[in-house]
$ cat model_20.txt   # compact mmCIF, C-alpha atoms
# COMPACT_ATOMS: atom_id res chain seq x y z
CA MET W 5 0.00 0.00 0.00
CA SER W 6 1.43 3.40 -0.98
CA ILE W 7 1.20 6.36 1.37
CA ASP W 8 0.68 9.90 0.10
CA VAL W 9 3.38 11.69 2.10
CA THR W 10 2.29 15.09 0.79
CA THR W 11 -1.28 14.59 2.01
CA ASP W 12 -0.07 13.39 5.42
CA LEU W 13 2.19 16.43 5.68
CA GLN W 14 -0.65 18.77 4.75
CA HIS W 15 -2.77 17.18 7.47
CA ALA W 16 0.08 17.72 9.96
CA VAL W 17 0.24 21.42 9.08
CA GLU W 18 -3.55 21.68 9.35
CA ASP W 19 -3.52 20.05 12.80
CA ALA W 20 -0.71 22.38 13.88
CA ALA W 21 -2.65 25.47 12.76
CA ALA W 22 -5.80 24.33 14.56
CA HIS W 23 -3.84 23.81 17.78
CA LEU W 24 -1.84 27.04 17.49
CA TYR W 25 -4.91 29.24 17.01
CA VAL W 26 -6.61 28.01 20.18
CA TRP W 27 -3.37 27.78 22.19
CA ALA W 28 -2.44 31.38 21.38
CA LEU W 29 -5.86 32.56 22.52
CA LYS W 30 -5.58 30.76 25.88
CA ASP W 31 -1.94 30.93 26.96
CA ILE W 32 -0.08 34.22 26.60
CA PRO W 33 3.76 33.97 26.42
CA GLN W 34 5.99 34.26 29.46
CA ASP W 35 7.73 37.44 28.30
CA LEU W 36 4.35 39.19 28.18
CA ARG W 37 3.42 37.88 31.62
CA ASP W 38 6.73 39.23 32.95
CA ALA W 39 6.12 42.62 31.30
CA LEU W 40 2.68 42.89 32.89
CA ARG W 41 4.05 42.03 36.35
CA ALA W 42 6.85 44.56 35.91
CA ALA W 43 4.31 47.18 34.87
CA ALA W 44 2.19 46.45 37.96
CA ALA W 45 5.28 46.80 40.16
CA ARG W 46 6.20 50.24 38.83
CA GLU W 47 2.69 51.68 38.47
CA THR W 48 1.97 54.30 41.15
CA SER W 49 -1.59 55.38 40.41
CA VAL W 50 -4.40 53.63 42.28
CA PRO W 51 -6.63 53.11 39.18
CA GLY W 52 -3.62 51.91 37.19
CA ARG W 53 -2.63 49.36 39.84
CA ARG W 54 -6.21 48.16 40.05
CA VAL W 55 -6.44 47.65 36.27
CA LEU W 56 -3.12 45.81 36.06
CA SER W 57 -4.11 43.61 38.99
CA THR W 58 -7.33 42.75 37.18
CA ILE W 59 -5.43 41.93 33.97
CA LEU W 60 -3.06 39.61 35.85
CA ARG W 61 -6.00 37.96 37.59
CA ASN W 62 -7.67 37.53 34.19
CA VAL W 63 -4.59 35.65 32.95
CA GLU W 64 -4.64 33.40 36.05
CA VAL W 65 -8.33 32.56 35.56
CA ALA W 66 -7.70 31.70 31.90
CA ASP W 67 -4.89 29.37 33.00
CA ASP W 68 -6.94 27.72 35.74
CA ASP W 69 -10.09 27.24 33.65
CA GLY W 70 -8.40 26.54 30.30
CA ASN W 71 -10.34 29.47 28.90
CA LEU W 72 -9.67 32.33 26.50
CA VAL W 73 -7.68 35.33 27.70
CA CYS W 74 -9.96 37.70 25.72
CA GLN W 75 -13.35 37.24 24.11
CA ASP W 76 -12.12 38.81 20.87
CA THR W 77 -10.69 35.77 19.09
CA GLY W 78 -9.37 38.04 16.36
CA ILE W 79 -8.27 37.23 12.84
CA ALA W 80 -5.69 34.46 12.51
CA VAL W 81 -2.40 35.86 11.21
CA TYR W 82 0.38 33.38 10.45
CA THR W 83 4.08 33.91 9.78
CA CYS W 84 5.64 31.01 7.90
CA ARG W 85 9.38 30.35 7.50
CA VAL W 86 9.52 27.78 4.71
CA GLY W 87 12.64 25.84 3.85
CA GLU W 88 13.34 25.52 0.13
CA ARG W 89 13.45 21.73 0.56
CA PHE W 90 10.22 21.47 2.57
CA PRO W 91 8.14 18.92 0.61
CA LEU W 92 4.82 20.82 0.74
CA HIS W 93 4.17 23.63 -1.77
CA PRO W 94 3.17 27.02 -0.25
CA ALA W 95 -0.24 26.74 -1.93
CA ARG W 96 -0.88 23.53 0.01
CA ILE W 97 0.55 25.10 3.18
CA TYR W 98 -1.94 27.96 2.85
CA GLU W 99 -4.78 25.52 2.30
CA ALA W 100 -3.78 23.66 5.47
CA LEU W 101 -3.61 26.88 7.51
CA ARG W 102 -7.05 27.94 6.27
CA ASP W 103 -8.61 24.56 7.02
CA GLY W 104 -6.95 24.43 10.43
CA THR W 105 -8.25 27.90 11.30
CA ALA W 106 -11.79 26.91 10.30
CA ARG W 107 -11.56 23.65 12.27
CA ALA W 108 -10.37 25.41 15.42
CA THR W 109 -13.20 27.93 15.18
CA ILE W 110 -15.84 25.22 14.86
CA GLU W 111 -14.40 22.61 17.20
CA HIS W 112 -13.55 24.84 20.20
CA PRO W 113 -15.84 26.75 19.36
CA LEU W 114 -14.49 30.29 18.85
CA ARG W 115 -16.28 33.49 17.88
CA SER W 116 -16.34 33.89 14.11
CA ASN W 117 -15.14 37.42 13.33
CA ALA W 118 -14.59 37.35 9.54
CA VAL W 119 -16.99 39.45 7.48
CA HIS W 120 -17.18 40.79 3.91
CA THR W 121 -15.67 44.28 3.89
CA ILE W 122 -18.65 45.91 2.13
CA THR W 123 -21.73 43.82 2.99
CA ARG W 124 -20.49 42.97 6.54
CA GLU W 125 -21.90 39.46 6.09
CA ASN W 126 -20.03 36.71 7.94
CA THR W 127 -17.76 34.80 5.55
CA GLY W 128 -17.24 31.65 7.58
CA PRO W 129 -15.39 30.28 10.61
CA ASN W 130 -12.71 32.99 10.71
CA VAL W 131 -11.83 32.40 7.05
CA GLY W 132 -12.78 34.24 3.89
CA HIS W 133 -11.30 36.17 0.98
CA ARG W 134 -7.56 36.46 1.76
CA LEU W 135 -8.20 35.16 5.28
CA PRO W 136 -6.31 33.90 7.18
CA ILE W 137 -3.44 36.29 6.58
CA VAL W 138 -0.05 34.67 5.96
CA HIS W 139 3.37 36.36 5.86
CA TRP W 140 6.02 34.31 4.09
CA GLU W 141 9.77 33.99 4.54
CA PHE W 142 11.73 31.48 2.45
CA VAL W 143 14.93 29.93 3.79
CA LYS W 144 17.71 28.41 1.68
CA ASP W 145 19.22 24.98 2.40
CA TRP W 146 16.53 23.90 4.88
CA ASP W 147 13.72 21.34 4.78
CA GLY W 148 11.58 22.55 7.69
CA LEU W 149 8.60 24.82 8.31
CA ASP W 150 8.08 27.23 11.22
CA VAL W 151 4.53 28.48 11.74
CA LYS W 152 3.70 31.29 14.16
CA CYS W 153 0.07 32.19 14.83
CA VAL W 154 -0.66 35.72 16.04
CA PRO W 155 -4.42 36.28 16.49
CA LYS W 156 -5.17 39.98 15.96
CA GLY W 157 -8.27 41.54 17.51
CA SER W 158 -9.81 44.80 16.47
CA GLY W 159 -9.94 47.04 19.53
CA SER W 160 -6.30 48.04 19.25
CA GLU W 161 -6.09 47.65 15.47
CA ASN W 162 -8.73 50.37 15.07
CA MET W 163 -6.17 52.71 16.59
CA SER W 164 -3.63 52.26 13.76
CA PHE W 165 -2.49 55.27 11.78
CA LEU W 166 -0.49 56.17 8.68
CA LYS W 167 1.00 59.52 7.78
CA MET W 168 3.17 60.62 4.91
CA CYS W 169 5.57 62.99 6.63
CA VAL W 170 8.02 65.02 4.58
CA PRO W 171 11.78 64.48 4.91
CA ALA W 172 12.20 67.92 6.49
CA ASP W 173 10.10 66.72 9.47
CA GLY W 174 12.96 64.40 10.42
CA VAL W 175 12.99 62.41 13.66
CA LYS W 176 11.07 65.17 15.44
CA GLY W 177 8.17 64.69 13.02
CA ILE W 178 8.18 60.94 13.58
CA LYS W 179 8.07 61.36 17.36
CA GLN W 180 5.31 63.95 17.14
CA PHE W 181 3.15 61.74 14.93
CA VAL W 182 3.58 58.68 17.15
CA LEU W 183 2.85 60.73 20.26
CA GLU W 184 -0.26 62.30 18.73
CA SER W 185 -1.49 58.85 17.64
CA ILE W 186 -1.15 57.31 21.10
CA VAL W 187 -2.53 60.32 22.97
CA GLY W 188 -5.49 60.47 20.57
CA SER W 189 -6.18 56.77 21.12
CA GLY W 190 -6.51 57.22 24.89
CA GLY W 191 -7.97 54.14 26.55
CA LYS W 192 -9.65 52.71 23.41
CA PRO W 193 -6.93 50.15 22.54
CA CYS W 194 -6.90 48.67 26.08
CA PRO W 195 -3.51 49.96 27.27
CA PRO W 196 -0.89 49.19 28.37
CA GLY W 197 -0.05 48.05 24.89
CA ILE W 198 2.82 47.48 22.53
CA VAL W 199 3.43 50.11 19.87
CA GLY W 200 4.85 49.19 16.49
CA VAL W 201 6.26 51.97 14.34
CA GLY W 202 6.73 51.18 10.69
CA ILE W 203 5.62 47.58 10.36
CA GLY W 204 6.35 46.51 13.94
CA GLY W 205 8.94 43.89 14.88
CA THR W 206 11.61 43.03 17.42
CA ARG W 207 14.26 45.34 18.83
CA ASN W 208 16.12 46.88 15.94
CA ALA W 209 19.78 45.98 15.40
CA ASP W 210 20.52 49.47 14.07
CA PRO W 211 21.73 51.46 17.14
CA ILE W 212 20.26 54.71 15.77
CA VAL W 213 16.82 53.12 15.42
CA ALA W 214 17.14 51.36 18.80
CA GLN W 215 17.82 54.73 20.41
CA LEU W 216 14.63 56.08 18.85
CA GLU W 217 12.70 53.08 20.23
CA ASP W 218 13.88 53.87 23.76
CA GLY W 219 13.15 57.57 23.35
CA LEU W 220 9.63 56.95 22.08
CA MET W 221 8.82 54.48 24.84
CA GLY W 222 9.82 57.07 27.43
CA LEU W 223 7.75 59.77 25.77
CA LEU W 224 4.67 57.56 25.49
CA ASN W 225 4.80 56.57 29.15
CA GLU W 226 5.12 60.24 30.10
CA THR W 227 1.68 60.93 28.60
CA GLY W 228 -0.02 59.73 31.79
CA ILE W 229 -2.72 57.85 29.85
CA GLY W 230 -2.06 54.77 31.98
CA PRO W 231 -3.75 51.36 32.06
CA MET W 232 -7.11 51.39 30.27
CA GLY W 233 -6.80 55.16 29.93
CA LEU W 234 -7.51 55.75 33.62
CA GLY W 235 -4.24 57.53 34.27
CA GLY W 236 -0.89 56.23 35.43
CA ASP W 237 2.75 55.58 34.66
CA VAL W 238 2.42 52.63 32.27
CA THR W 239 0.81 53.42 28.93
CA VAL W 240 2.96 51.12 26.78
CA LEU W 241 4.83 47.91 27.60
CA ASN W 242 7.23 48.34 24.71
CA CYS W 243 7.88 50.19 21.47
CA HIS W 244 9.29 48.45 18.40
CA ILE W 245 10.48 50.04 15.17
CA GLU W 246 11.05 48.29 11.85
CA HIS W 247 12.44 50.39 9.06
CA ALA W 248 13.35 50.13 5.39
CA ASP W 249 15.24 52.47 3.10
CA THR W 250 12.98 54.83 1.18
CA HIS W 251 12.88 57.44 -1.57
CA MET W 252 14.65 60.71 -0.82
CA THR W 253 11.40 62.69 -1.02
CA LEU W 254 9.42 60.32 1.24
CA ASN W 255 9.15 59.92 5.01
CA PRO W 256 6.24 57.49 5.58
CA VAL W 257 5.38 56.62 9.19
CA ALA W 258 2.89 54.00 10.36
CA VAL W 259 1.74 53.38 13.93
CA ASN W 260 0.24 50.03 14.86
CA TYR W 261 -1.17 49.52 18.36
CA GLN W 262 -1.26 46.11 20.01
CA CYS W 263 -3.30 45.76 23.20
CA TRP W 264 -1.85 44.10 26.33
CA ALA W 265 -2.98 40.65 25.15
CA ALA W 266 -0.19 40.18 22.60
CA ARG W 267 -1.02 36.55 21.87
CA ARG W 268 1.20 34.22 19.84
CA ALA W 269 2.14 30.54 19.52
CA THR W 270 4.66 28.73 17.33
CA ALA W 271 5.18 25.25 15.88
CA HIS W 272 8.00 23.62 13.92
CA VAL W 273 6.95 21.09 11.28
CA ALA W 274 9.67 18.73 10.06
CA ALA W 275 9.76 17.29 6.55
CA ASP W 276 8.53 13.92 7.91
CA GLY W 277 5.44 15.56 9.47
CA THR W 278 6.71 15.62 13.05
CA VAL W 279 5.41 18.70 14.88
CA ASP W 280 7.04 20.42 17.87
CA PHE W 281 5.28 23.28 19.63
CA ASP W 282 7.37 26.13 21.03
CA ARG W 283 5.98 27.88 24.09
CA GLU W 284 8.34 30.85 24.05
CA ALA W 285 8.98 31.73 20.37

$ encode --input "model_20.txt" --output "structure tokens"
Amino acid sequence: MSIDVTTDLQHAVEDAAAHLYVWALKDIPQDLRDALRAAAARETSVPGRRVLSTILRNVEVADDDGNLVCQDTGIAVYTCRVGERFPLHPARIYEALRDGTARATIEHPLRSNAVHTITRENTGPNVGHRLPIVHWEFVKDWDGLDVKCVPKGSGSENMSFLKMCVPADGVKGIKQFVLESIVGSGGKPCPPGIVGVGIGGTRNADPIVAQLEDGLMGLLNETGIGPMGLGGDVTVLNCHIEHADTHMTLNPVAVNYQCWAARRATAHVAADGTVDFDREA
């Protein structure tokens, strides 16, 4: 009897996606837990301390009951690092991620958030036209697949902004725009949050950009917006900048707000279909 290895591998990716989506919604990563505890320790306002205490208690209840951290199950966003020798074509990988997302939504069950942009009609169990969202990275001389699921809700995403600054605005213009965006958002995106400037990302290796990250984080926490907009010392948990070279006459700046529940979960799928889940990635 012959075995269709490709089909088995697609099923493994589908199972991984179904697990990752639910896992990310229930179990926030340790680095985020540590950031929330550190924020609670340095917050001095009474309302701010009360909010952060409630958030931490919310995380404990989710752990104890095996329940969701937040009722907004978001849109499933996946980042895939695909080895050039991984046996499954990206088209089949996408199909597996879509089917896994739909399965997780039905089997848990989760709230179905996906709607048609114009009619607002529900398009299915968190799938639809160009949903789920997948970001691709292709790796030479490798036969594996890394899948990270980052469910994105809408409360904080509604507080995302884009501005085409002019080069003469310089760094001062960037800081002013980011500051105006966060101050204008107030408590709507459920602070304390994580602010991405550009397209978001991890701490930048460029020391000039890293210095700007630190400066912006300090400025944003000086606004006094505080947890849930009730006032306090902690408005953001972190600020990340990702940059790319641009045209000499352009200075585009984007601000993306992530609420405190920065959920994510990762799996590694080997070429033979073996799946390992990574709690901390």

$ atom_distance --input "model_20.txt" --atom1 "CA of Ser57 in chain W" --atom2 "CA of Leu24 in chain W"
27.2 Å

$ axis_aligned_box --input "model_20.txt" --around "range 20-39 of chain W" --padding-each-side "8 Å" --output "JSON"
{"center_x": 0.6, "center_y": 32.5, "center_z": 22.9, "size_x": 30.3, "size_y": 36.2, "size_z": 36.2}

$ atom_distance --input "model_20.txt" --atom1 "CA of His139 in chain W" --atom2 "CA of Cys84 in chain W"
6.2 Å

$ atom_distance --input "model_20.txt" --atom1 "CA of Ala16 in chain W" --atom2 "CA of Leu114 in chain W"
21.2 Å

$ residues_around --input "model_20.txt" --residues "range 270-275 of chain W" --least-positions-apart "5" --cutoff "7 Å" --atoms "all atoms listed in the file" --output "list of chain:residue names"
W:Ala20, W:Leu24, W:Phe90, W:Pro91, W:Asp147, W:Gly148, W:Leu149, W:Asp150, W:Val151, W:Lys152, W:Cys153, W:Asp280, W:Phe281, W:Asp282, W:Arg283, W:Ala285

$ residues_around --input "model_20.txt" --residues "Tyr82 in chain W" --least-positions-apart "2" --cutoff "12 Å" --atoms "all atoms listed in the file" --output "PyMOL selection string"
chain W and resi 20-22+24-25+28+79-80+84-85+97-98+100-102+104-105+135-141+150-156+267-271

$ residues_around --input "model_20.txt" --residues "Glu88 in chain W" --least-positions-apart "5" --cutoff "6 Å" --atoms "all atoms listed in the file" --output "MDAnalysis selection string"
chainID W and resid 143:144 146

$ closest_atom_pairs --input "model_20.txt" --of "range 27-76 of chain W" --to "range 185-203 of chain W" --cutoff "9 Å" --atoms "only C-alpha atoms" --output "CSV"
residue,atom,partner,partner_atom,distance
W:Leu40,CA,W:Pro196,CA,8.5
W:Ala43,CA,W:Pro196,CA,8.6
W:Leu56,CA,W:Pro196,CA,8.7

$ closest_residue --input "model_20.txt" --among "W:Ala45, W:Val63, W:Arg54, W:Gly235" --to "Pro33 in chain W" --atoms "only C-alpha atoms"
W:Val63

$ residues_around --input "model_20.txt" --residues "Leu72 in chain W" --least-positions-apart "5" --cutoff "6 Å" --atoms "all atoms listed in the file" --output "ChimeraX atom specification"
/W:29-30,66

$ closest_residue --input "model_20.txt" --among "W:Thr48, W:Gln262, W:Gln34, W:Gln215" --to "Val238 in chain W" --atoms "all atoms listed in the file"
W:Thr48

$ residues_around --input "model_20.txt" --residues "Leu220 in chain W" --least-positions-apart "5" --cutoff "10 Å" --atoms "all atoms listed in the file" --output "list in words"
Ile178, Lys179, Gln180, Val182, Leu183, Val199, Val201, Ala214, Gln215, Asn225, Glu226, Asn242, Cys243, His244 and Ile245 of chain W

$ closest_residue --input "model_20.txt" --among "W:Gly236, W:Leu92, W:Glu111, W:Gly222" --to "Ser49 in chain W" --atoms "all atoms listed in the file"
W:Gly236

$ closest_residue --input "model_20.txt" --among "W:Arg134, W:Arg89, W:His112, W:His23" --to "Val279 in chain W" --atoms "only C-alpha atoms"
W:His23

$ closest_residue --input "model_20.txt" --among "W:Val119, W:Arg41, W:Gly87, W:Asp31" --to "Arg53 in chain W" --atoms "all atoms listed in the file"
W:Arg41
